[in-house]
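Peer 1: Below you'll find entry-v7.tsv; it's TSV, C-alpha atoms.
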```tsv
chain	number	residue	atom	x	y	z
A	1	MET	CA	134.21	111.93	72.68
A	2	ARG	CA	130.49	112.01	73.27
A	3	ALA	CA	128.48	109.67	71.05
A	4	THR	CA	126.09	111.36	68.67
A	5	ARG	CA	122.42	111.12	69.47
A	6	GLU	CA	121.93	108.65	66.62
A	7	GLU	CA	124.71	106.35	67.88
A	8	ALA	CA	123.27	106.57	71.40
A	9	LEU	CA	119.85	105.49	70.16
A	10	LYS	CA	121.36	102.60	68.22
A	11	ASN	CA	123.10	101.32	71.37
A	12	GLN	CA	119.97	101.84	73.46
A	13	LEU	CA	117.93	99.71	71.06
A	14	VAL	CA	120.53	96.92	71.21
A	15	PHE	CA	120.24	97.01	75.02
A	16	LEU	CA	116.41	97.01	74.95
A	17	LEU	CA	116.29	94.04	72.59
A	18	GLU	CA	118.82	92.20	74.79
A	19	LEU	CA	116.47	92.76	77.76
A	20	ASP	CA	113.85	90.71	75.92
A	21	ARG	CA	115.81	87.61	76.99
A	22	LEU	CA	114.75	88.15	80.64
A	23	LYS	CA	111.28	86.93	79.57
A	24	SER	CA	112.83	83.48	79.04
A	25	VAL	CA	114.55	83.23	82.45
A	26	LEU	CA	112.32	80.99	84.57
A	27	ARG	CA	112.04	81.31	88.34
A	28	GLN	CA	111.08	78.60	90.82
A	29	SER	CA	107.75	80.18	91.84
A	30	SER	CA	104.52	79.49	89.99
A	31	LEU	CA	101.94	82.02	88.94
A	32	ALA	CA	99.16	82.48	91.52
A	33	ASN	CA	96.92	80.19	89.44
A	34	GLY	CA	99.57	77.44	89.40
A	35	SER	CA	99.49	77.20	85.58
A	36	ARG	CA	103.24	77.58	85.00
A	37	ARG	CA	106.44	78.99	86.48
A	38	GLU	CA	106.96	82.73	86.59
A	39	ASN	CA	109.63	84.40	84.47
A	40	SER	CA	111.93	87.14	85.71
A	41	ALA	CA	110.51	89.86	83.43
A	42	GLU	CA	106.89	89.52	84.59
A	43	HIS	CA	108.18	89.07	88.16
A	44	SER	CA	109.96	92.43	87.83
A	45	TRP	CA	106.75	94.08	86.60
A	46	HIS	CA	104.80	92.60	89.49
A	47	LEU	CA	107.38	93.83	91.99
A	48	ALA	CA	107.35	97.35	90.57
A	49	MET	CA	103.57	97.36	91.11
A	50	PHE	CA	104.13	96.11	94.69
A	51	ALA	CA	106.43	99.12	95.22
A	52	LEU	CA	103.87	101.61	93.87
A	53	VAL	CA	101.04	100.10	95.93
A	54	LEU	CA	102.75	99.28	99.24
A	55	SER	CA	105.25	102.10	99.81
A	56	GLU	CA	103.24	103.52	102.74
A	57	HIS	CA	104.17	100.40	104.71
A	58	ALA	CA	107.94	100.89	104.48
A	59	ASP	CA	109.57	101.43	107.90
A	60	VAL	CA	111.42	104.48	106.62
A	61	GLN	CA	109.79	106.86	104.13
A	62	VAL	CA	110.70	105.82	100.59
A	63	ASN	CA	110.37	107.29	97.12
A	64	ALA	CA	108.03	104.69	95.60
A	65	ALA	CA	109.01	105.49	92.01
A	66	HIS	CA	112.70	105.02	92.86
A	67	ALA	CA	112.01	101.68	94.58
A	68	ALA	CA	110.03	100.64	91.48
A	69	LYS	CA	112.99	101.58	89.24
A	70	LEU	CA	115.37	99.46	91.34
A	71	LEU	CA	112.96	96.52	91.00
A	72	LEU	CA	112.59	96.98	87.24
A	73	VAL	CA	116.37	96.73	86.92
A	74	HIS	CA	117.29	94.29	89.72
A	75	ASP	CA	117.05	90.98	87.80
A	76	THR	CA	118.64	92.13	84.52
A	77	VAL	CA	121.87	90.29	85.32
A	78	GLU	CA	119.96	86.98	85.25
A	79	ILE	CA	120.04	87.18	81.44
A	80	ASP	CA	123.63	85.92	81.75
A	81	ALA	CA	123.85	84.59	85.31
A	82	GLY	CA	120.45	82.85	85.64
A	83	ASP	CA	118.04	82.94	88.56
A	84	ALA	CA	119.42	81.79	91.93
A	85	PRO	CA	116.58	80.01	93.78
A	86	ILE	CA	116.20	80.72	97.50
A	87	HIS	CA	115.73	77.03	98.36
A	88	ALA	CA	118.29	74.31	97.64
A	89	SER	CA	120.60	75.66	94.97
A	90	GLY	CA	123.81	74.07	93.76
A	91	VAL	CA	125.29	77.53	93.14
A	92	SER	CA	127.14	79.16	96.03
A	93	LYS	CA	127.08	82.90	96.70
A	94	SER	CA	130.82	83.10	96.05
A	95	GLU	CA	130.33	81.67	92.54
A	96	LEU	CA	127.24	83.72	91.79
A	97	GLU	CA	128.49	87.17	92.74
A	98	PRO	CA	131.33	87.40	90.19
A	99	ALA	CA	128.99	86.02	87.49
A	100	GLU	CA	126.41	88.70	88.30
A	101	HIS	CA	128.97	91.49	88.32
A	102	HIS	CA	130.32	90.28	85.00
A	103	ALA	CA	126.77	90.22	83.62
A	104	ALA	CA	126.13	93.77	84.84
A	105	GLU	CA	129.28	94.98	83.08
A	106	ARG	CA	128.33	93.32	79.82
A	107	ILE	CA	124.59	94.08	79.73
A	108	PHE	CA	124.54	97.66	81.08
A	109	GLY	CA	127.72	98.22	79.05
A	110	LEU	CA	125.61	97.98	75.89
A	111	LEU	CA	124.19	101.42	76.76
A	112	PRO	CA	125.89	104.76	76.04
A	113	ILE	CA	128.63	105.18	78.65
A	114	GLU	CA	126.94	107.70	80.96
A	115	GLN	CA	123.65	105.82	80.98
A	116	ALA	CA	125.48	102.52	81.49
A	117	GLY	CA	126.86	103.99	84.69
A	118	GLN	CA	123.39	105.09	85.86
A	119	PHE	CA	121.91	101.63	85.36
A	120	ARG	CA	124.89	99.88	86.93
A	121	ASP	CA	124.52	102.21	89.92
A	122	MET	CA	120.81	101.31	90.29
A	123	TRP	CA	121.69	97.62	90.24
A	124	LEU	CA	124.52	98.14	92.76
A	125	GLU	CA	122.20	100.19	94.99
A	126	PHE	CA	119.71	97.31	95.02
A	127	GLU	CA	122.41	94.72	95.66
A	128	ALA	CA	123.96	96.69	98.52
A	129	GLY	CA	120.53	96.96	100.19
A	130	GLN	CA	121.56	100.05	102.17
A	131	SER	CA	119.36	102.89	100.92
A	132	PRO	CA	115.75	103.01	102.20
A	133	GLU	CA	114.48	102.21	98.69
A	134	ALA	CA	116.85	99.26	98.26
A	135	ARG	CA	115.88	97.84	101.66
A	136	PHE	CA	112.21	98.16	100.78
A	137	ALA	CA	112.78	96.70	97.31
A	138	LYS	CA	114.59	93.70	98.80
A	139	ALA	CA	111.71	93.19	101.23
A	140	LEU	CA	109.24	93.09	98.32
A	141	ASP	CA	111.48	90.71	96.37
A	142	ARG	CA	110.96	88.19	99.21
A	143	PHE	CA	107.36	89.12	100.03
A	144	GLN	CA	105.97	88.53	96.53
A	145	PRO	CA	107.12	84.89	96.11
A	146	LEU	CA	105.89	84.20	99.66
A	147	LEU	CA	102.41	85.38	98.62
A	148	LEU	CA	102.54	83.33	95.40
A	149	ASN	CA	103.61	80.19	97.28
A	150	ILE	CA	100.69	80.58	99.68
A	151	ALA	CA	98.31	81.25	96.76
A	152	VAL	CA	99.21	77.89	95.19
A	153	GLY	CA	99.03	75.98	98.48
A	154	GLY	CA	102.76	75.64	99.16
A	155	GLY	CA	104.54	75.80	95.79
A	156	THR	CA	108.33	75.73	96.12
A	157	TRP	CA	108.03	75.05	99.86
A	158	LYS	CA	106.23	71.75	99.23
A	159	GLU	CA	108.54	70.86	96.33
A	160	ASN	CA	111.63	71.39	98.49
A	161	GLY	CA	110.25	70.11	101.81
A	162	VAL	CA	110.72	73.54	103.40
A	163	THR	CA	109.43	73.86	106.97
A	164	GLU	CA	107.66	76.77	108.67
A	165	LEU	CA	110.86	77.60	110.56
A	166	GLN	CA	112.91	77.59	107.34
A	167	VAL	CA	110.41	79.92	105.68
A	168	ILE	CA	110.68	82.29	108.63
A	169	GLU	CA	114.49	82.14	108.53
A	170	ARG	CA	114.80	82.54	104.75
A	171	TYR	CA	112.18	85.25	104.13
A	172	GLY	CA	112.07	87.01	107.50
A	173	PRO	CA	115.33	88.99	107.55
A	174	ALA	CA	114.84	90.63	104.13
A	175	ILE	CA	111.16	91.44	104.67
A	176	LYS	CA	111.71	92.71	108.22
A	177	GLY	CA	114.65	94.75	106.92
A	178	GLY	CA	112.25	96.91	104.90
A	179	SER	CA	108.89	96.74	106.60
A	180	ALA	CA	107.76	95.47	110.01
A	181	THR	CA	104.14	95.82	108.82
A	182	LEU	CA	104.66	93.54	105.83
A	183	TRP	CA	106.55	91.02	107.93
A	184	ASN	CA	103.73	90.92	110.51
A	185	ALA	CA	101.23	90.27	107.73
A	186	ALA	CA	103.51	87.67	106.09
A	187	LEU	CA	104.10	85.85	109.38
A	188	LYS	CA	100.35	85.50	109.98
A	189	LEU	CA	99.89	84.09	106.47
A	190	VAL	CA	102.80	81.67	106.91
A	191	GLN	CA	101.51	80.46	110.29
A	192	ALA	CA	98.01	79.96	108.91
A	193	HIS	CA	99.45	78.11	105.90
A	194	PHE	CA	101.49	75.65	107.95
A	195	ASN	CA	99.01	75.14	110.79
A	196	ASP	CA	95.57	75.10	109.19
B	197	MET	CA	85.39	106.60	107.43
B	198	ARG	CA	89.05	106.00	106.67
B	199	ALA	CA	90.08	102.34	106.55
B	200	THR	CA	92.58	101.23	109.16
B	201	ARG	CA	96.10	100.51	107.99
B	202	GLU	CA	95.51	96.78	108.39
B	203	GLU	CA	92.35	96.84	106.26
B	204	ALA	CA	94.19	98.93	103.66
B	205	LEU	CA	96.97	96.35	103.45
B	206	LYS	CA	94.47	93.51	103.13
B	207	ASN	CA	92.81	95.22	100.16
B	208	GLN	CA	96.17	96.07	98.58
B	209	LEU	CA	97.21	92.41	98.73
B	210	VAL	CA	93.95	91.35	97.07
B	211	PHE	CA	94.70	93.85	94.28
B	212	LEU	CA	98.32	92.69	93.89
B	213	LEU	CA	97.29	89.02	93.65
B	214	GLU	CA	94.61	89.95	91.11
B	215	LEU	CA	97.34	91.64	89.02
B	216	ASP	CA	99.02	88.24	88.70
B	217	ARG	CA	96.40	87.40	86.09
B	218	LEU	CA	97.97	89.87	83.63
B	219	LYS	CA	100.79	87.31	83.21
B	220	SER	CA	98.25	85.04	81.48
B	221	VAL	CA	96.93	87.63	79.00
B	222	LEU	CA	98.64	86.85	75.68
B	223	ARG	CA	99.43	89.48	73.09
B	224	GLN	CA	99.84	88.98	69.35
B	225	SER	CA	103.58	89.77	69.25
B	226	SER	CA	106.23	87.12	69.79
B	227	LEU	CA	109.31	87.43	71.95
B	228	ALA	CA	112.36	88.65	70.03
B	229	ASN	CA	113.62	85.03	69.80
B	230	GLY	CA	110.30	83.87	68.31
B	231	SER	CA	109.84	81.14	70.96
B	232	ARG	CA	106.33	82.12	72.07
B	233	ARG	CA	103.86	85.01	72.27
B	234	GLU	CA	104.46	87.81	74.73
B	235	ASN	CA	102.18	88.32	77.73
B	236	SER	CA	100.94	91.71	78.88
B	237	ALA	CA	102.81	91.65	82.22
B	238	GLU	CA	106.27	91.14	80.72
B	239	HIS	CA	105.33	93.59	77.92
B	240	SER	CA	104.59	96.20	80.60
B	241	TRP	CA	107.97	95.59	82.24
B	242	HIS	CA	109.72	95.91	78.89
B	243	LEU	CA	107.92	99.17	78.15
B	244	ALA	CA	108.80	100.64	81.53
B	245	MET	CA	112.45	99.91	80.71
B	246	PHE	CA	111.97	101.59	77.31
B	247	ALA	CA	110.72	104.68	79.17
B	248	LEU	CA	113.72	104.76	81.53
B	249	VAL	CA	116.20	104.27	78.68
B	250	LEU	CA	114.72	106.39	75.87
B	251	SER	CA	113.22	109.44	77.62
B	252	GLU	CA	115.89	111.78	76.18
B	253	HIS	CA	114.33	111.20	72.74
B	254	ALA	CA	110.86	112.50	73.67
B	255	ASP	CA	109.86	115.60	71.69
B	256	VAL	CA	108.85	117.40	74.86
B	257	GLN	CA	110.79	116.92	78.09
B	258	VAL	CA	109.24	114.11	80.13
B	259	ASN	CA	109.59	112.73	83.63
B	260	ALA	CA	110.87	109.25	82.76
B	261	ALA	CA	109.75	107.70	86.06
B	262	HIS	CA	106.22	109.00	85.53
B	263	ALA	CA	106.09	107.65	81.98
B	264	ALA	CA	107.33	104.30	83.36
B	265	LYS	CA	104.53	104.32	85.97
B	266	LEU	CA	101.90	104.94	83.29
B	267	LEU	CA	103.29	101.99	81.33
B	268	LEU	CA	103.35	99.70	84.36
B	269	VAL	CA	99.64	100.43	84.86
B	270	HIS	CA	98.38	100.85	81.29
B	271	ASP	CA	97.43	97.24	80.48
B	272	THR	CA	95.88	96.32	83.85
B	273	VAL	CA	92.36	96.52	82.39
B	274	GLU	CA	93.21	93.64	80.03
B	275	ILE	CA	92.75	91.27	82.99
B	276	ASP	CA	89.02	91.65	82.34
B	277	ALA	CA	88.84	93.17	78.85
B	278	GLY	CA	91.60	91.21	77.06
B	279	ASP	CA	94.23	92.51	74.66
B	280	ALA	CA	92.99	94.34	71.57
B	281	PRO	CA	95.36	93.52	68.69
B	282	ILE	CA	96.36	96.37	66.39
B	283	HIS	CA	95.81	94.27	63.23
B	284	ALA	CA	92.51	92.69	62.24
B	285	SER	CA	90.41	92.51	65.35
B	286	GLY	CA	86.77	91.53	65.59
B	287	VAL	CA	86.32	93.92	68.50
B	288	SER	CA	85.35	97.50	67.67
B	289	LYS	CA	86.58	100.50	69.65
B	290	SER	CA	83.01	101.28	70.70
B	291	GLU	CA	82.66	97.84	72.29
B	292	LEU	CA	86.10	97.84	73.86
B	293	GLU	CA	86.03	101.22	75.59
B	294	PRO	CA	83.11	100.51	77.94
B	295	ALA	CA	84.60	97.09	78.76
B	296	GLU	CA	87.92	98.71	79.64
B	297	HIS	CA	86.30	101.41	81.79
B	298	HIS	CA	84.29	98.76	83.59
B	299	ALA	CA	87.49	96.77	84.16
B	300	ALA	CA	89.27	99.84	85.54
B	301	GLU	CA	86.43	100.43	88.01
B	302	ARG	CA	86.47	96.84	89.22
B	303	ILE	CA	90.23	96.23	89.36
B	304	PHE	CA	91.48	99.56	90.72
B	305	GLY	CA	88.38	99.53	92.96
B	306	LEU	CA	89.95	96.65	94.90
B	307	LEU	CA	92.41	99.20	96.37
B	308	PRO	CA	91.69	101.53	99.30
B	309	ILE	CA	89.51	104.34	97.96
B	310	GLU	CA	92.13	107.12	97.76
B	311	GLN	CA	94.70	104.88	96.11
B	312	ALA	CA	92.06	103.46	93.76
B	313	GLY	CA	91.55	107.02	92.52
B	314	GLN	CA	95.29	107.54	91.99
B	315	PHE	CA	95.64	104.37	89.90
B	316	ARG	CA	92.46	105.09	87.93
B	317	ASP	CA	93.85	108.56	87.22
B	318	MET	CA	97.12	107.11	85.93
B	319	TRP	CA	95.23	104.80	83.61
B	320	LEU	CA	92.99	107.64	82.41
B	321	GLU	CA	96.04	109.86	81.85
B	322	PHE	CA	97.57	107.18	79.64
B	323	GLU	CA	94.31	106.58	77.76
B	324	ALA	CA	93.76	110.31	77.13
B	325	GLY	CA	97.27	110.61	75.69
B	326	GLN	CA	97.41	114.34	76.37
B	327	SER	CA	100.19	114.84	78.94
B	328	PRO	CA	103.81	114.72	77.65
B	329	GLU	CA	104.39	111.48	79.58
B	330	ALA	CA	101.22	109.85	78.21
B	331	ARG	CA	102.12	110.82	74.63
B	332	PHE	CA	105.59	109.40	75.07
B	333	ALA	CA	104.23	106.25	76.75
B	334	LYS	CA	101.81	105.71	73.87
B	335	ALA	CA	104.67	106.13	71.40
B	336	LEU	CA	106.66	103.41	73.19
B	337	ASP	CA	103.62	101.12	73.32
B	338	ARG	CA	103.71	101.11	69.49
B	339	PHE	CA	107.48	101.27	69.08
B	340	GLN	CA	108.23	98.12	71.14
B	341	PRO	CA	106.04	95.66	69.14
B	342	LEU	CA	107.41	97.18	65.92
B	343	LEU	CA	110.94	96.31	67.08
B	344	LEU	CA	109.84	92.79	68.12
B	345	ASN	CA	108.14	92.20	64.77
B	346	ILE	CA	111.29	93.20	62.92
B	347	ALA	CA	113.43	91.03	65.24
B	348	VAL	CA	111.41	87.92	64.27
B	349	GLY	CA	111.41	88.74	60.55
B	350	GLY	CA	107.86	90.05	60.27
B	351	GLY	CA	105.80	88.42	63.03
B	352	THR	CA	102.22	89.72	63.19
B	353	TRP	CA	102.75	91.63	59.93
B	354	LYS	CA	103.44	88.42	58.01
B	355	GLU	CA	100.64	86.54	59.82
B	356	ASN	CA	98.12	89.25	58.93
B	357	GLY	CA	99.43	90.18	55.46
B	358	VAL	CA	100.17	93.72	56.62
B	359	THR	CA	101.90	95.94	54.04
B	360	GLU	CA	104.61	98.55	54.53
B	361	LEU	CA	102.01	101.30	54.05
B	362	GLN	CA	99.71	99.76	56.64
B	363	VAL	CA	102.57	99.54	59.15
B	364	ILE	CA	103.34	103.22	58.56
B	365	GLU	CA	99.66	104.15	58.97
B	366	ARG	CA	99.05	102.01	62.07
B	367	TYR	CA	102.25	102.70	64.01
B	368	GLY	CA	103.25	106.10	62.70
B	369	PRO	CA	100.74	108.45	64.35
B	370	ALA	CA	101.28	107.19	67.91
B	371	ILE	CA	105.08	107.03	67.63
B	372	LYS	CA	105.31	110.43	65.89
B	373	GLY	CA	102.99	111.82	68.56
B	374	GLY	CA	105.67	111.26	71.21
B	375	SER	CA	109.01	111.33	69.43
B	376	ALA	CA	110.10	112.39	65.95
B	377	THR	CA	113.50	110.78	66.65
B	378	LEU	CA	112.00	107.36	67.43
B	379	TRP	CA	109.72	107.57	64.41
B	380	ASN	CA	112.65	108.39	62.11
B	381	ALA	CA	114.52	105.36	63.44
B	382	ALA	CA	111.42	103.16	63.19
B	383	LEU	CA	110.71	104.25	59.63
B	384	LYS	CA	114.23	103.32	58.52
B	385	LEU	CA	113.87	99.88	60.12
B	386	VAL	CA	110.45	99.36	58.52
B	387	GLN	CA	111.72	100.39	55.08
B	388	ALA	CA	114.73	98.11	55.38
B	389	HIS	CA	112.48	95.23	56.53
B	390	PHE	CA	110.07	95.51	53.62
B	391	ASN	CA	112.61	96.30	50.93
B	392	ASP	CA	115.68	94.19	51.70
```
Produce structure tokens that represent the structure in this file.

Peer 2:
Amino acid sequence: MRATREEALKNQLVFLLELDRLKSVLRQSSLANGSRRENSAEHSWHLAMFALVLSEHADVQVNAAHAAKLLLVHDTVEIDAGDAPIHASGVSKSELEPAEHHAAERIFGLLPIEQAGQFRDMWLEFEAGQSPEARFAKALDRFQPLLLNIAVGGGTWKENGVTELQVIERYGPAIKGGSATLWNAALKLVQAHFND
Amino acid sequence: MRATREEALKNQLVFLLELDRLKSVLRQSSLANGSRRENSAEHSWHLAMFALVLSEHADVQVNAAHAAKLLLVHDTVEIDAGDAPIHASGVSKSELEPAEHHAAERIFGLLPIEQAGQFRDMWLEFEAGQSPEARFAKALDRFQPLLLNIAVGGGTWKENGVTELQVIERYGPAIKGGSATLWNAALKLVQAHFND
């Protein structure tokens, strides 16, 4: 039985208030001014803006608005599963994946059933990283913290003793997977950062 | 003369790093858990999610992705002009408007010229509030802080001694302008808040 429009709205508002919790999930990276760590909600906003601004540099033509949507949604699961830092984490991928899938079921499951499926599909599309938009979105999700780290003079790289080679190995594949142009620009910035 | 692709990217990255400053612009509203005030970057993310989730409730059919784009961009000018609180502000509309237009020129003007025009146009579309998407976006920009205020038991209403009638007068027109359904839901929540 299809929910009435009023019931649908009620469930949608529960979901939207639940999303508010993403503003309290802290990431490793600092803001560009170094004042504090970034949270996953403002990170998601920043990434959506990256998608709208940089889509011309994707290797394969992408729908910028769709890439932005994937990025708006991609970190929602962190409300339950937390942020998994790229450098030095105690959490293994095999532990994290089930936790994230469980979180997706619970959080998107707050929405009316059809819409829950649409949001789960966006998250799964991002995670799979197969569509042109997901590949580009994943590239931006690595490119943005790289820029922030350089803006604050090293950031999480300094904190974790990460070398130039490790940066290239940990950021390169995802960025290159979506945009050779962005990776070329990133590589120059990384080289200048470590060698100046 | 058209900028080369490399020059374009350089300017786009300057713009995207400048956007980082929106994470440090504080609004009056608290997070739903009351822990701290919301910033304009995470607010913009939240609103974009409101647009993706609630578009079926717009009075006139809207392109949800376009409404989300308007909301991602709408507060960018606050980097220079600051946030203008809805309740009790010392800043008059006649002072604020030129400051915001000046900010739009400077900030979007960091982008390559054609793209600068596209982003300025999105901001102007939101400000004008004439297109279906802009009307809906403006409704959400009032609806979200109303929900947050109710979630924290009054928030900026309590702080500013705002009455039920004032809430209806200050939030009603914008929300009703985009969605009768959302305004009906909001009104019930407001009445319950002030009378329970």

Peer 1: List the spatial neighbours of stretch 356-362 of chain B as a list in words - criterion: any atom at most 10 Å away, only C-alpha atoms, same-chain residues fewer than 3 positions off excluded.

Peer 2: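 What passes the distance filter is His283, Ala284, Gly350, Gly351, Thr352, Trp353, Glu365, Arg366, Tyr367, Gly368, Leu383, Val386, Gln387, His389, Phe390 and Asn391 of chain B.
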
Peer 1: Restrict the distance test to all atoms listed in the file, flag each residue of chain A within 10 Å of chain B, and return the flagged residues as a PyMOL selection string.

Peer 2: chain A and resi 5-6+8-10+12-13+15-24+31-33+35-36+38-50+52-54+56-57+65-66+68-69+72-73+111+115-116+119+144+147-148+151+181-182+185

Peer 1: I need the residues from that last selection saved to file as a tab-separated table (two decimals), in the frame of the given file (with C-alpha atoms), if you can.

Peer 2:
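Resulting contents of out_38.tsv:
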```tsv
chain	number	residue	atom	x	y	z
A	5	ARG	CA	122.42	111.12	69.47
A	6	GLU	CA	121.93	108.65	66.62
A	8	ALA	CA	123.27	106.57	71.40
A	9	LEU	CA	119.85	105.49	70.16
A	10	LYS	CA	121.36	102.60	68.22
A	12	GLN	CA	119.97	101.84	73.46
A	13	LEU	CA	117.93	99.71	71.06
A	15	PHE	CA	120.24	97.01	75.02
A	16	LEU	CA	116.41	97.01	74.95
A	17	LEU	CA	116.29	94.04	72.59
A	18	GLU	CA	118.82	92.20	74.79
A	19	LEU	CA	116.47	92.76	77.76
A	20	ASP	CA	113.85	90.71	75.92
A	21	ARG	CA	115.81	87.61	76.99
A	22	LEU	CA	114.75	88.15	80.64
A	23	LYS	CA	111.28	86.93	79.57
A	24	SER	CA	112.83	83.48	79.04
A	31	LEU	CA	101.94	82.02	88.94
A	32	ALA	CA	99.16	82.48	91.52
A	33	ASN	CA	96.92	80.19	89.44
A	35	SER	CA	99.49	77.20	85.58
A	36	ARG	CA	103.24	77.58	85.00
A	38	GLU	CA	106.96	82.73	86.59
A	39	ASN	CA	109.63	84.40	84.47
A	40	SER	CA	111.93	87.14	85.71
A	41	ALA	CA	110.51	89.86	83.43
A	42	GLU	CA	106.89	89.52	84.59
A	43	HIS	CA	108.18	89.07	88.16
A	44	SER	CA	109.96	92.43	87.83
A	45	TRP	CA	106.75	94.08	86.60
A	46	HIS	CA	104.80	92.60	89.49
A	47	LEU	CA	107.38	93.83	91.99
A	48	ALA	CA	107.35	97.35	90.57
A	49	MET	CA	103.57	97.36	91.11
A	50	PHE	CA	104.13	96.11	94.69
A	52	LEU	CA	103.87	101.61	93.87
A	53	VAL	CA	101.04	100.10	95.93
A	54	LEU	CA	102.75	99.28	99.24
A	56	GLU	CA	103.24	103.52	102.74
A	57	HIS	CA	104.17	100.40	104.71
A	65	ALA	CA	109.01	105.49	92.01
A	66	HIS	CA	112.70	105.02	92.86
A	68	ALA	CA	110.03	100.64	91.48
A	69	LYS	CA	112.99	101.58	89.24
A	72	LEU	CA	112.59	96.98	87.24
A	73	VAL	CA	116.37	96.73	86.92
A	111	LEU	CA	124.19	101.42	76.76
A	115	GLN	CA	123.65	105.82	80.98
A	116	ALA	CA	125.48	102.52	81.49
A	119	PHE	CA	121.91	101.63	85.36
A	144	GLN	CA	105.97	88.53	96.53
A	147	LEU	CA	102.41	85.38	98.62
A	148	LEU	CA	102.54	83.33	95.40
A	151	ALA	CA	98.31	81.25	96.76
A	181	THR	CA	104.14	95.82	108.82
A	182	LEU	CA	104.66	93.54	105.83
A	185	ALA	CA	101.23	90.27	107.73
```

Peer 1: Kindly give the distance, in Å, that separates atom CA of A:Ala51 and atom CA of B:Glu293, rounded to a single decimal.

Peer 2: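 Straight-line distance from atom CA of A:Ala51 to atom CA of B:Glu293 works out to 28.4 Å.
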
Peer 1: Rank A:Ala137, A:Ile175, A:Leu70, A:Ile150 by their smallest atom-to-atom distance to A:Leu124, using only C-alpha atoms, and report the top residue only.

Peer 2: A:Leu70

Peer 1: Which residue is closest to A:Arg27? Choose from A:Ala139, A:Ala58, A:Ala84, A:Ala99 and count all atoms listed in the file.

Peer 2: A:Ala84

Peer 1: Between atom CA of A:Glu159 and atom CA of A:Val77, what is the distance, to one decimal in Å?

Peer 2: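 Computing it gives 26.0 Å between the two atoms.
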
Peer 1: With distances taken over only C-alpha atoms, which of B:Lys372, B:Arg316, B:Arg338, B:His298 is nearest to B:Pro281?

Peer 2: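 For B:Pro281, the nearest of the given residues is B:Arg338.
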
Peer 1: Can you report as JSON the centre and edge lengths in Å, to one decimal, of an axis-aligned box around the listed atoms of stretch 375-390 of chain B padded with 4 Å on each side?

Peer 2:
```
{"center_x": 111.9, "center_y": 103.8, "center_z": 61.5, "size_x": 13.7, "size_y": 25.2, "size_z": 23.8}
```

Peer 1: State, in Å with one decimal place, the distance from atom CA of B:Lys334 to atom CA of A:Val62.

Peer 2: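 These two atoms are separated by 28.2 Å.
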
Peer 1: For B:Gln314, please output as a ChimeraX atom specification all residues within 9 Å (counting all atoms listed in the file; exclusion window: fewer than 5 positions along the same chain).

Peer 2: /B:304,309,319
